[in-house]
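target-v3.cif follows (mmCIF, C-alpha atoms (C1' of nucleotides)):
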data_protein
#
loop_
_atom_site.label_atom_id
_atom_site.label_comp_id
_atom_site.auth_asym_id
_atom_site.auth_seq_id
_atom_site.Cartn_x
_atom_site.Cartn_y
_atom_site.Cartn_z
CA MET A 1 -12.47 -6.78 -15.09
CA PRO A 2 -13.35 -9.86 -15.55
CA GLU A 3 -14.80 -11.94 -12.83
CA LEU A 4 -15.59 -15.62 -13.01
CA PRO A 5 -18.46 -15.38 -15.53
CA GLU A 6 -16.48 -13.26 -17.97
CA VAL A 7 -13.40 -15.48 -17.82
CA GLU A 8 -15.62 -18.53 -18.22
CA THR A 9 -17.20 -16.94 -21.29
CA ILE A 10 -13.76 -16.26 -22.75
CA LYS A 11 -12.72 -19.84 -22.01
CA ARG A 12 -15.74 -21.27 -23.84
CA GLY A 13 -15.25 -18.95 -26.78
CA LEU A 14 -11.54 -19.63 -27.20
CA GLN A 15 -11.97 -23.36 -26.73
CA ASN A 16 -13.82 -23.62 -30.00
CA LYS A 17 -11.28 -21.53 -31.83
CA ILE A 18 -7.69 -22.16 -30.80
CA VAL A 19 -7.52 -25.75 -29.52
CA ASN A 20 -5.22 -27.66 -31.88
CA LEU A 21 -3.85 -24.50 -33.42
CA LYS A 22 -0.10 -24.04 -33.31
CA ILE A 23 1.37 -20.80 -31.97
CA LYS A 24 3.56 -19.35 -34.68
CA ASP A 25 4.72 -16.15 -33.07
CA ILE A 26 4.33 -14.09 -29.89
CA LYS A 27 4.99 -10.38 -30.02
CA VAL A 28 5.34 -8.60 -26.68
CA LEU A 29 4.66 -4.88 -26.92
CA ASN A 30 4.81 -4.21 -23.17
CA PRO A 31 7.54 -6.25 -21.47
CA ASN A 32 5.82 -6.29 -18.06
CA SER A 33 2.73 -7.93 -19.55
CA PHE A 34 4.55 -11.20 -20.33
CA GLN A 35 6.74 -13.18 -17.94
CA GLY A 36 8.83 -15.97 -19.39
CA ASP A 37 10.57 -16.89 -22.61
CA THR A 38 8.17 -16.46 -25.51
CA GLN A 39 10.30 -18.74 -27.69
CA LYS A 40 9.40 -21.70 -25.49
CA ALA A 41 5.75 -21.28 -26.45
CA GLU A 42 6.33 -20.76 -30.13
CA LYS A 43 5.84 -23.79 -32.39
CA GLN A 44 3.69 -25.35 -29.67
CA LYS A 45 0.14 -26.56 -30.16
CA VAL A 46 -2.66 -25.49 -27.80
CA ASN A 47 -4.07 -28.67 -26.27
CA LYS A 48 -6.54 -27.33 -23.76
CA VAL A 49 -8.19 -24.12 -22.56
CA TRP A 50 -9.19 -24.01 -18.92
CA ARG A 51 -10.20 -21.66 -16.10
CA ARG A 52 -9.55 -21.62 -12.36
CA ALA A 53 -11.12 -18.70 -10.48
CA LYS A 54 -10.33 -15.63 -12.64
CA VAL A 55 -7.26 -17.24 -14.21
CA LEU A 56 -7.29 -18.58 -17.75
CA GLY A 57 -4.86 -21.30 -18.84
CA LEU A 58 -3.71 -22.61 -22.22
CA ASP A 59 -1.96 -25.98 -21.98
CA LEU A 60 0.73 -26.49 -24.62
CA ASP A 61 2.27 -29.58 -26.16
CA ASN A 62 5.52 -29.30 -24.24
CA ASN A 63 3.88 -29.37 -20.79
CA LEU A 64 4.09 -25.63 -20.38
CA THR A 65 1.02 -23.51 -19.72
CA LEU A 66 0.27 -19.97 -20.71
CA LEU A 67 -1.57 -18.35 -17.81
CA PHE A 68 -3.59 -15.16 -18.20
CA HIS A 69 -4.92 -12.79 -15.58
CA LEU A 70 -6.91 -9.88 -16.96
CA LYS A 71 -7.11 -7.96 -13.66
CA MET A 72 -9.14 -4.72 -14.00
CA SER A 73 -8.92 -3.83 -17.65
CA GLY A 74 -7.72 -6.84 -19.61
CA GLN A 75 -9.37 -8.15 -22.76
CA LEU A 76 -8.71 -11.00 -25.11
CA VAL A 77 -9.67 -10.42 -28.72
CA TYR A 78 -9.47 -13.33 -31.13
CA GLN A 79 -9.42 -12.42 -34.78
CA GLY A 80 -10.09 -15.28 -37.11
CA LYS A 81 -12.65 -14.81 -39.83
CA ARG A 82 -14.64 -12.85 -37.29
CA LEU A 83 -13.76 -11.06 -34.08
CA PHE A 84 -14.36 -12.66 -30.70
CA VAL A 85 -14.01 -10.24 -27.83
CA GLY A 86 -13.98 -11.06 -24.13
CA GLY A 87 -13.15 -8.94 -21.13
CA HIS A 88 -13.71 -5.47 -19.84
CA PRO A 89 -15.60 -3.59 -22.55
CA THR A 90 -14.01 -0.35 -23.68
CA GLN A 91 -14.44 1.92 -26.62
CA ASP A 92 -11.22 0.49 -27.99
CA MET A 93 -13.10 -2.69 -28.82
CA LYS A 94 -14.54 -1.01 -31.86
CA ASP A 95 -11.05 -0.15 -33.05
CA GLN A 96 -9.00 -2.18 -35.40
CA MET A 97 -6.59 -4.55 -33.77
CA PRO A 98 -4.05 -3.90 -32.52
CA ASN A 99 -5.00 -0.70 -30.70
CA ARG A 100 -3.24 1.51 -28.17
CA SER A 101 -3.90 -0.86 -25.27
CA THR A 102 -2.66 -3.96 -27.07
CA ARG A 103 0.19 -5.43 -24.99
CA VAL A 104 0.82 -8.88 -26.49
CA ILE A 105 -0.07 -10.40 -29.88
CA PHE A 106 -0.21 -14.16 -30.55
CA THR A 107 -0.20 -15.34 -34.15
CA PHE A 108 -1.28 -18.90 -34.91
CA SER A 109 -0.20 -21.11 -37.78
CA ASP A 110 -3.39 -20.32 -39.70
CA ASN A 111 -2.54 -16.61 -39.31
CA SER A 112 -5.45 -15.94 -36.95
CA LYS A 113 -4.49 -13.73 -34.03
CA LEU A 114 -5.13 -13.37 -30.32
CA TYR A 115 -4.70 -9.87 -28.90
CA PHE A 116 -4.10 -9.26 -25.21
CA ASN A 117 -5.27 -5.72 -24.53
CA ASP A 118 -4.88 -4.12 -21.13
CA GLN A 119 -5.31 -0.41 -20.68
CA ARG A 120 -4.10 -0.25 -17.08
CA LYS A 121 -1.27 -2.79 -17.41
CA PHE A 122 -2.26 -4.64 -14.23
CA GLY A 123 -2.88 -7.89 -16.07
CA TRP A 124 -0.25 -10.47 -16.92
CA ILE A 125 0.60 -13.51 -18.98
CA LYS A 126 2.99 -16.10 -17.55
CA LEU A 127 4.56 -19.11 -19.18
CA LEU A 128 4.80 -21.77 -16.50
CA ASP A 129 5.56 -25.44 -15.99
CA GLN A 130 2.36 -27.42 -15.63
CA ILE A 131 3.66 -29.58 -12.80
CA LYS A 132 6.06 -27.37 -10.87
CA ASP A 133 4.66 -23.89 -11.17
CA LEU A 134 0.91 -24.20 -10.96
CA THR A 135 0.80 -25.17 -7.29
CA PHE A 136 -0.06 -21.60 -6.27
CA LEU A 137 -3.55 -22.18 -7.64
CA LYS A 138 -4.30 -24.38 -4.66
CA ASP A 139 -4.29 -21.32 -2.39
CA LEU A 140 -7.49 -20.22 -4.07
CA GLY A 141 -10.80 -20.94 -2.38
CA PRO A 142 -13.33 -23.37 -3.85
CA GLU A 143 -15.00 -22.86 -7.22
CA PRO A 144 -18.49 -21.57 -6.34
CA LEU A 145 -20.13 -23.31 -9.29
CA ASP A 146 -18.80 -26.75 -8.37
CA LYS A 147 -21.27 -29.20 -6.84
CA SER A 148 -18.92 -29.48 -3.88
CA PHE A 149 -19.56 -25.82 -2.97
CA THR A 150 -22.30 -26.38 -0.41
CA VAL A 151 -23.80 -24.03 2.19
CA GLU A 152 -21.63 -25.81 4.76
CA VAL A 153 -18.49 -25.06 2.76
CA LEU A 154 -19.46 -21.40 2.40
CA LYS A 155 -20.18 -21.13 6.12
CA GLU A 156 -16.98 -22.89 7.14
CA LYS A 157 -14.90 -20.70 4.85
CA ILE A 158 -16.23 -17.25 5.68
CA SER A 159 -17.07 -17.76 9.34
CA LYS A 160 -13.49 -17.12 10.39
CA ARG A 161 -14.02 -13.57 9.22
CA LYS A 162 -16.73 -12.83 11.73
CA ASN A 163 -16.10 -9.09 11.93
CA MET A 164 -15.79 -8.61 8.19
CA ALA A 165 -18.56 -7.21 6.02
CA VAL A 166 -20.27 -10.02 4.10
CA LYS A 167 -19.54 -8.47 0.72
CA VAL A 168 -15.85 -8.03 1.50
CA ALA A 169 -15.60 -11.63 2.75
CA ILE A 170 -17.07 -13.23 -0.37
CA MET A 171 -14.59 -11.29 -2.52
CA ASP A 172 -11.62 -12.78 -0.64
CA GLN A 173 -10.19 -15.21 -3.22
CA THR A 174 -8.73 -17.48 -0.54
CA LEU A 175 -12.21 -18.06 0.88
CA ILE A 176 -14.25 -18.34 -2.34
CA SER A 177 -12.69 -17.88 -5.75
CA GLY A 178 -14.02 -15.97 -8.71
CA VAL A 179 -16.41 -13.49 -7.07
CA GLY A 180 -15.44 -9.89 -7.79
CA ASN A 181 -16.91 -6.49 -7.14
CA ILE A 182 -19.94 -6.70 -9.41
CA TYR A 183 -21.12 -10.17 -8.51
CA ALA A 184 -20.47 -9.58 -4.79
CA SER A 185 -22.99 -6.71 -4.83
CA GLU A 186 -25.39 -8.75 -6.97
CA ALA A 187 -25.14 -11.81 -4.71
CA CYS A 188 -25.97 -9.75 -1.61
CA PHE A 189 -28.92 -8.23 -3.40
CA ASP A 190 -30.24 -11.62 -4.46
CA ALA A 191 -29.87 -12.87 -0.89
CA LYS A 192 -31.55 -9.71 0.55
CA ILE A 193 -28.55 -9.17 2.79
CA ASP A 194 -27.04 -5.79 3.62
CA PRO A 195 -23.52 -6.00 2.15
CA LYS A 196 -22.01 -4.34 5.21
CA LYS A 197 -23.57 -6.80 7.66
CA LYS A 198 -20.89 -8.65 9.62
CA VAL A 199 -20.43 -12.32 8.78
CA GLY A 200 -20.78 -13.15 12.48
CA ASN A 201 -24.32 -11.77 12.48
CA LEU A 202 -25.64 -13.91 9.64
CA SER A 203 -28.49 -16.28 10.49
CA GLU A 204 -28.79 -19.80 9.13
CA PRO A 205 -31.41 -18.76 6.54
CA GLU A 206 -29.13 -15.90 5.51
CA PHE A 207 -26.21 -18.26 4.91
CA ARG A 208 -28.47 -20.34 2.68
CA ALA A 209 -29.72 -17.28 0.83
CA LEU A 210 -26.17 -16.00 0.37
CA HIS A 211 -25.08 -19.37 -0.99
CA GLN A 212 -27.89 -19.33 -3.51
CA GLY A 213 -27.29 -15.66 -4.30
CA ILE A 214 -23.63 -16.25 -5.15
CA ILE A 215 -24.46 -19.18 -7.42
CA LYS A 216 -27.41 -17.50 -9.08
CA SER A 217 -25.65 -14.23 -9.82
CA LEU A 218 -22.62 -16.02 -11.29
CA GLU A 219 -24.80 -18.30 -13.40
CA ASP A 220 -26.82 -15.32 -14.61
CA GLY A 221 -23.55 -13.61 -15.45
CA ILE A 222 -22.46 -16.53 -17.60
CA THR A 223 -25.85 -16.61 -19.33
CA HIS A 224 -25.73 -12.88 -20.06
CA GLY A 225 -21.96 -12.86 -20.52
CA GLY A 226 -22.38 -14.99 -23.59
CA SER A 227 -24.64 -12.45 -25.18
CA SER A 228 -23.74 -9.08 -23.76
CA ARG A 229 -20.28 -9.08 -22.22
CA ALA A 230 -18.40 -10.92 -24.92
CA HIS A 231 -19.36 -10.66 -28.53
CA PHE A 232 -18.89 -12.19 -31.86
CA VAL A 233 -18.82 -9.11 -34.00
CA ASN A 234 -17.98 -8.06 -37.46
CA ALA A 235 -14.62 -6.46 -37.96
CA GLY A 236 -16.44 -3.14 -38.06
CA GLY A 237 -17.66 -3.59 -34.51
CA GLU A 238 -21.10 -3.55 -33.06
CA LYS A 239 -22.80 -1.70 -30.21
CA GLY A 240 -24.14 -3.34 -27.13
CA TYR A 241 -21.01 -3.93 -25.10
CA PHE A 242 -22.39 -1.98 -22.19
CA LEU A 243 -25.72 -3.71 -22.03
CA ASP A 244 -26.45 -3.69 -18.35
CA TYR A 245 -28.38 -6.46 -16.75
CA ALA A 246 -27.26 -5.93 -13.14
CA ASN A 247 -29.87 -5.38 -10.44
CA VAL A 248 -27.82 -3.00 -8.31
CA TYR A 249 -24.29 -2.59 -9.68
CA ASN A 250 -23.74 0.87 -11.12
CA ARG A 251 -27.39 1.75 -10.46
CA GLU A 252 -27.10 4.36 -7.74
CA GLY A 253 -30.32 6.37 -7.57
CA ASP A 254 -32.31 3.87 -9.61
CA LEU A 255 -35.41 2.26 -8.16
CA CYS A 256 -35.02 -1.28 -6.86
CA LYS A 257 -36.59 -3.80 -9.25
CA ARG A 258 -37.79 -5.83 -6.28
CA CYS A 259 -39.27 -3.30 -3.85
CA GLY A 260 -39.08 0.12 -5.50
CA GLY A 261 -36.64 1.49 -2.93
CA MET A 262 -33.74 3.64 -4.03
CA ILE A 263 -30.39 1.99 -4.78
CA LYS A 264 -27.59 3.43 -2.69
CA LYS A 265 -23.82 3.46 -3.19
CA ILE A 266 -21.34 3.12 -0.33
CA GLN A 267 -17.66 2.23 0.07
CA LEU A 268 -16.72 -1.12 1.58
CA GLY A 269 -13.12 -2.27 1.77
CA GLY A 270 -12.28 0.60 -0.54
CA ARG A 271 -14.62 -0.62 -3.27
CA GLY A 272 -17.83 0.87 -4.60
CA THR A 273 -20.77 -1.12 -3.26
CA TYR A 274 -24.39 -0.94 -4.38
CA PHE A 275 -27.47 -2.15 -2.53
CA CYS A 276 -31.09 -1.44 -1.73
CA PRO A 277 -31.34 -0.28 1.89
CA ASN A 278 -35.07 -1.00 1.82
CA CYS A 279 -35.03 -4.72 1.10
CA GLN A 280 -31.48 -5.71 2.03
CA SER A 281 -31.10 -5.94 5.79
"C1'" DC B 1 -3.78 -13.92 12.45
"C1'" DA B 2 -7.67 -10.51 11.22
"C1'" DC B 3 -8.28 -6.52 8.89
"C1'" DT B 4 -7.15 -1.95 6.44
"C1'" DT B 5 -4.79 0.96 3.34
"C1'" DG B 6 -1.99 2.26 -0.40
"C1'" DA B 7 0.38 1.06 -4.65
"C1'" DC B 8 0.45 -0.62 -9.17
"C1'" DC B 9 -1.17 2.07 -14.29
"C1'" DT B 10 -3.96 4.55 -17.83
"C1'" DG B 11 -8.00 6.74 -19.14
"C1'" DT B 12 -12.47 9.00 -18.64
"C1'" DC B 13 -15.79 11.73 -16.59
"C1'" DC B 14 -17.52 15.49 -13.74
"C1'" DG B 15 -17.40 19.93 -11.38
"C1'" DC B 16 -15.28 24.38 -11.16
"C1'" DT C 1 -11.33 24.65 -22.93
"C1'" DG C 2 -8.41 23.49 -19.07
"C1'" DC C 3 -7.42 21.57 -14.66
"C1'" DG C 4 -7.94 18.76 -10.56
"C1'" DG C 5 -9.88 15.05 -8.37
"C1'" DA C 6 -12.51 10.84 -8.13
"C1'" DC C 7 -13.16 6.63 -9.99
"C1'" DA C 8 -12.76 2.07 -12.80
"C1'" DG C 9 -15.05 -5.35 -12.89
"C1'" DG C 10 -8.03 -7.05 -9.02
"C1'" DT C 11 -4.40 -8.29 -6.29
"C1'" DC C 12 -0.18 -7.51 -3.57
"C1'" DA C 13 2.70 -5.80 0.17
"C1'" DA C 14 3.02 -3.28 4.12
"C1'" DG C 15 0.86 -1.34 7.95
"C1'" DT C 16 -2.11 -1.33 12.51
#

Can you give me the file's structure in the form of structure tokens?
Amino acid sequence: MPELPEVETIKRGLQNKIVNLKIKDIKVLNPNSFQGDTQKAEKQKVNKVWRRAKVLGLDLDNNLTLLFHLKMSGQLVYQGKRLFVGGHPTQDMKDQMPNRSTRVIFTFSDNSKLYFNDQRKFGWIKLLDQIKDLTFLKDLGPEPLDKSFTVEVLKEKISKRKNMAVKVAIMDQTLISGVGNIYASEACFDAKIDPKKKVGNLSEPEFRALHQGIIKSLEDGITHGGSSRAHFVNAGGEKGYFLDYANVYNREGDLCKRCGGMIKKIQLGGRGTYFCPNCQS
DNA sequence: CACTTGACCTGTCCGC
DNA sequence: TGCGGACAGGTCAAGT
């Protein structure tokens, strides 16, 4: 699901809840969802919760890290006194935990629980060595919300893909990390750029607009993610998971909020892509 | 190397 | 109601 803003929201939520808690037990319901020896994480305290691109990390006392990737359908549900839910919203979220898509269950020493739910089983959890095994993260492109992510960096990174559609290029995690299918459409809309325009045909002002569009859509996502994508809810659940704030994503046939044109859906790089043909050129 | 396509899974929705 | 196909917020490997 989850793109940068959703994983960031999960990180912030979990930070306040599980740092300093000790993992008592890990129960793996689907073997392929967890790689590593669960026993090495048991009895360990969570020291830090962090995010890199769409990857979430929990640093443990013994210099091991639990890494999470939620892929298309992953969720993390923390059940303490209340429920904290982050990830791709599904109807299952209203269910009691665990539910039929629960793949791994963490129990902490205070008996609170963290459920890893993943309908499509694409997601994973890995237990890795902080020094030796995390080097693969360096293959990821820059974090778009870092100060160091300037227009020049964006241009330098994506310009080697001159024949690639802009929207496809900004989703390439080795060029820029964290932008997925929703925010790629939203960023192009914000920048008034046709998502299928080739990178090589972008003007200087368009590079600047794209840079701002990426940052703005991700920041908006984090702002809304806190209130609409991830929820603190009562155990009985609460509606509102599907609250939709996007300008173009999943809005085929709707009228453009900016110019009144009609939002169109096309395929780009095999992914559904939404834009307003009237004001994105 | 640049770029595309299919595979990985499960579930839901939509048209016949 | 049942069935088939398309589709879903991500990434790999294998292909051209």

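Among the candidates A:Val199, A:Lys126, A:Ile193, A:Arg161, the residue lying nearest to DC1 (chain B) is A:Arg161 (atoms considered: all atoms listed in the file).
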
Taking 4 positions as the minimum chain separation for residues in the same chain, which residues sit within 12 Å of region 1-6 of chain C when counting all atoms listed in the file? Answer as a PDB file with C-alpha atoms (C1' of nucleotides), keeping the file's coordinate frame.
ATOM      1  CA  GLY A 272     -17.830   0.870  -4.600  1.00  0.00           C
TER       2      GLY A 272
ATOM      3  C1'  DT B  12     -12.470   9.000 -18.640  1.00  0.00           C
ATOM      4  C1'  DC B  13     -15.790  11.730 -16.590  1.00  0.00           C
ATOM      5  C1'  DC B  14     -17.520  15.490 -13.740  1.00  0.00           C
ATOM      6  C1'  DG B  15     -17.400  19.930 -11.380  1.00  0.00           C
ATOM      7  C1'  DC B  16     -15.280  24.380 -11.160  1.00  0.00           C
TER       8       DC B  16
END

Determine which residues of chain A sit within 12 Å of chain C, taking into account only C-alpha atoms (C1' of nucleotides), and present them as a PyMOL selection string. chain A and resi 1-7+54-55+69-75+87-90+119-124+171-174+178-185+229+249-250+267+270-273

Find the residues of chain B in contact range of chain A, meaning any atom within 10 Å when counting all atoms listed in the file, and list them as a list in words. DA2, DC3, DT4, DT5, DC8, DC9, DT10 and DG11 of chain B

Mind pulling up the distance from CA of Asp37 (chain A) to CA of Leu56 (chain A)?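 Value for the CA of Leu56 (chain A)-CA of Asp37 (chain A) distance: 18.6 Å.
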
Nearest to Leu202 (chain A) by atom-to-atom distance, counting all atoms listed in the file, from A:Ile176, A:Leu137, A:Val166, A:Met97: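 Of the candidates, the smallest distance to Leu202 (chain A) is held by A:Val166.
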
Students should find that CA of Lys113 (chain A) and CA of Asp61 (chain A) are spaced 18.9 Å

To one decimal place in Å, what is the distance between CA of Ser177 (chain A) and CA of Pro144 (chain A)?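 We find that CA of Ser177 (chain A) and CA of Pro144 (chain A) lie 6.9 Å from each other.
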
Please list, as a PDB file with C-alpha atoms, in the coordinates of the input, the residues that have an atom at most 10 Å away from (-26.2, -20.3, -4.0) in the coordinates of this file, counting all atoms listed in the file.
ATOM      1  CA  PRO A 144     -18.490 -21.570  -6.340  1.00  0.00           C
ATOM      2  CA  LEU A 145     -20.130 -23.310  -9.290  1.00  0.00           C
ATOM      3  CA  PHE A 149     -19.560 -25.820  -2.970  1.00  0.00           C
ATOM      4  CA  THR A 150     -22.300 -26.380  -0.410  1.00  0.00           C
ATOM      5  CA  VAL A 151     -23.800 -24.030   2.190  1.00  0.00           C
ATOM      6  CA  LEU A 154     -19.460 -21.400   2.400  1.00  0.00           C
ATOM      7  CA  ALA A 187     -25.140 -11.810  -4.710  1.00  0.00           C
ATOM      8  CA  ASP A 190     -30.240 -11.620  -4.460  1.00  0.00           C
ATOM      9  CA  ALA A 191     -29.870 -12.870  -0.890  1.00  0.00           C
ATOM     10  CA  PHE A 207     -26.210 -18.260   4.910  1.00  0.00           C
ATOM     11  CA  ARG A 208     -28.470 -20.340   2.680  1.00  0.00           C
ATOM     12  CA  ALA A 209     -29.720 -17.280   0.830  1.00  0.00           C
ATOM     13  CA  LEU A 210     -26.170 -16.000   0.370  1.00  0.00           C
ATOM     14  CA  HIS A 211     -25.080 -19.370  -0.990  1.00  0.00           C
ATOM     15  CA  GLN A 212     -27.890 -19.330  -3.510  1.00  0.00           C
ATOM     16  CA  GLY A 213     -27.290 -15.660  -4.300  1.00  0.00           C
ATOM     17  CA  ILE A 214     -23.630 -16.250  -5.150  1.00  0.00           C
ATOM     18  CA  ILE A 215     -24.460 -19.180  -7.420  1.00  0.00           C
ATOM     19  CA  LYS A 216     -27.410 -17.500  -9.080  1.00  0.00           C
ATOM     20  CA  SER A 217     -25.650 -14.230  -9.820  1.00  0.00           C
ATOM     21  CA  LEU A 218     -22.620 -16.020 -11.290  1.00  0.00           C
ATOM     22  CA  GLU A 219     -24.800 -18.300 -13.400  1.00  0.00           C
TER      23      GLU A 219
END
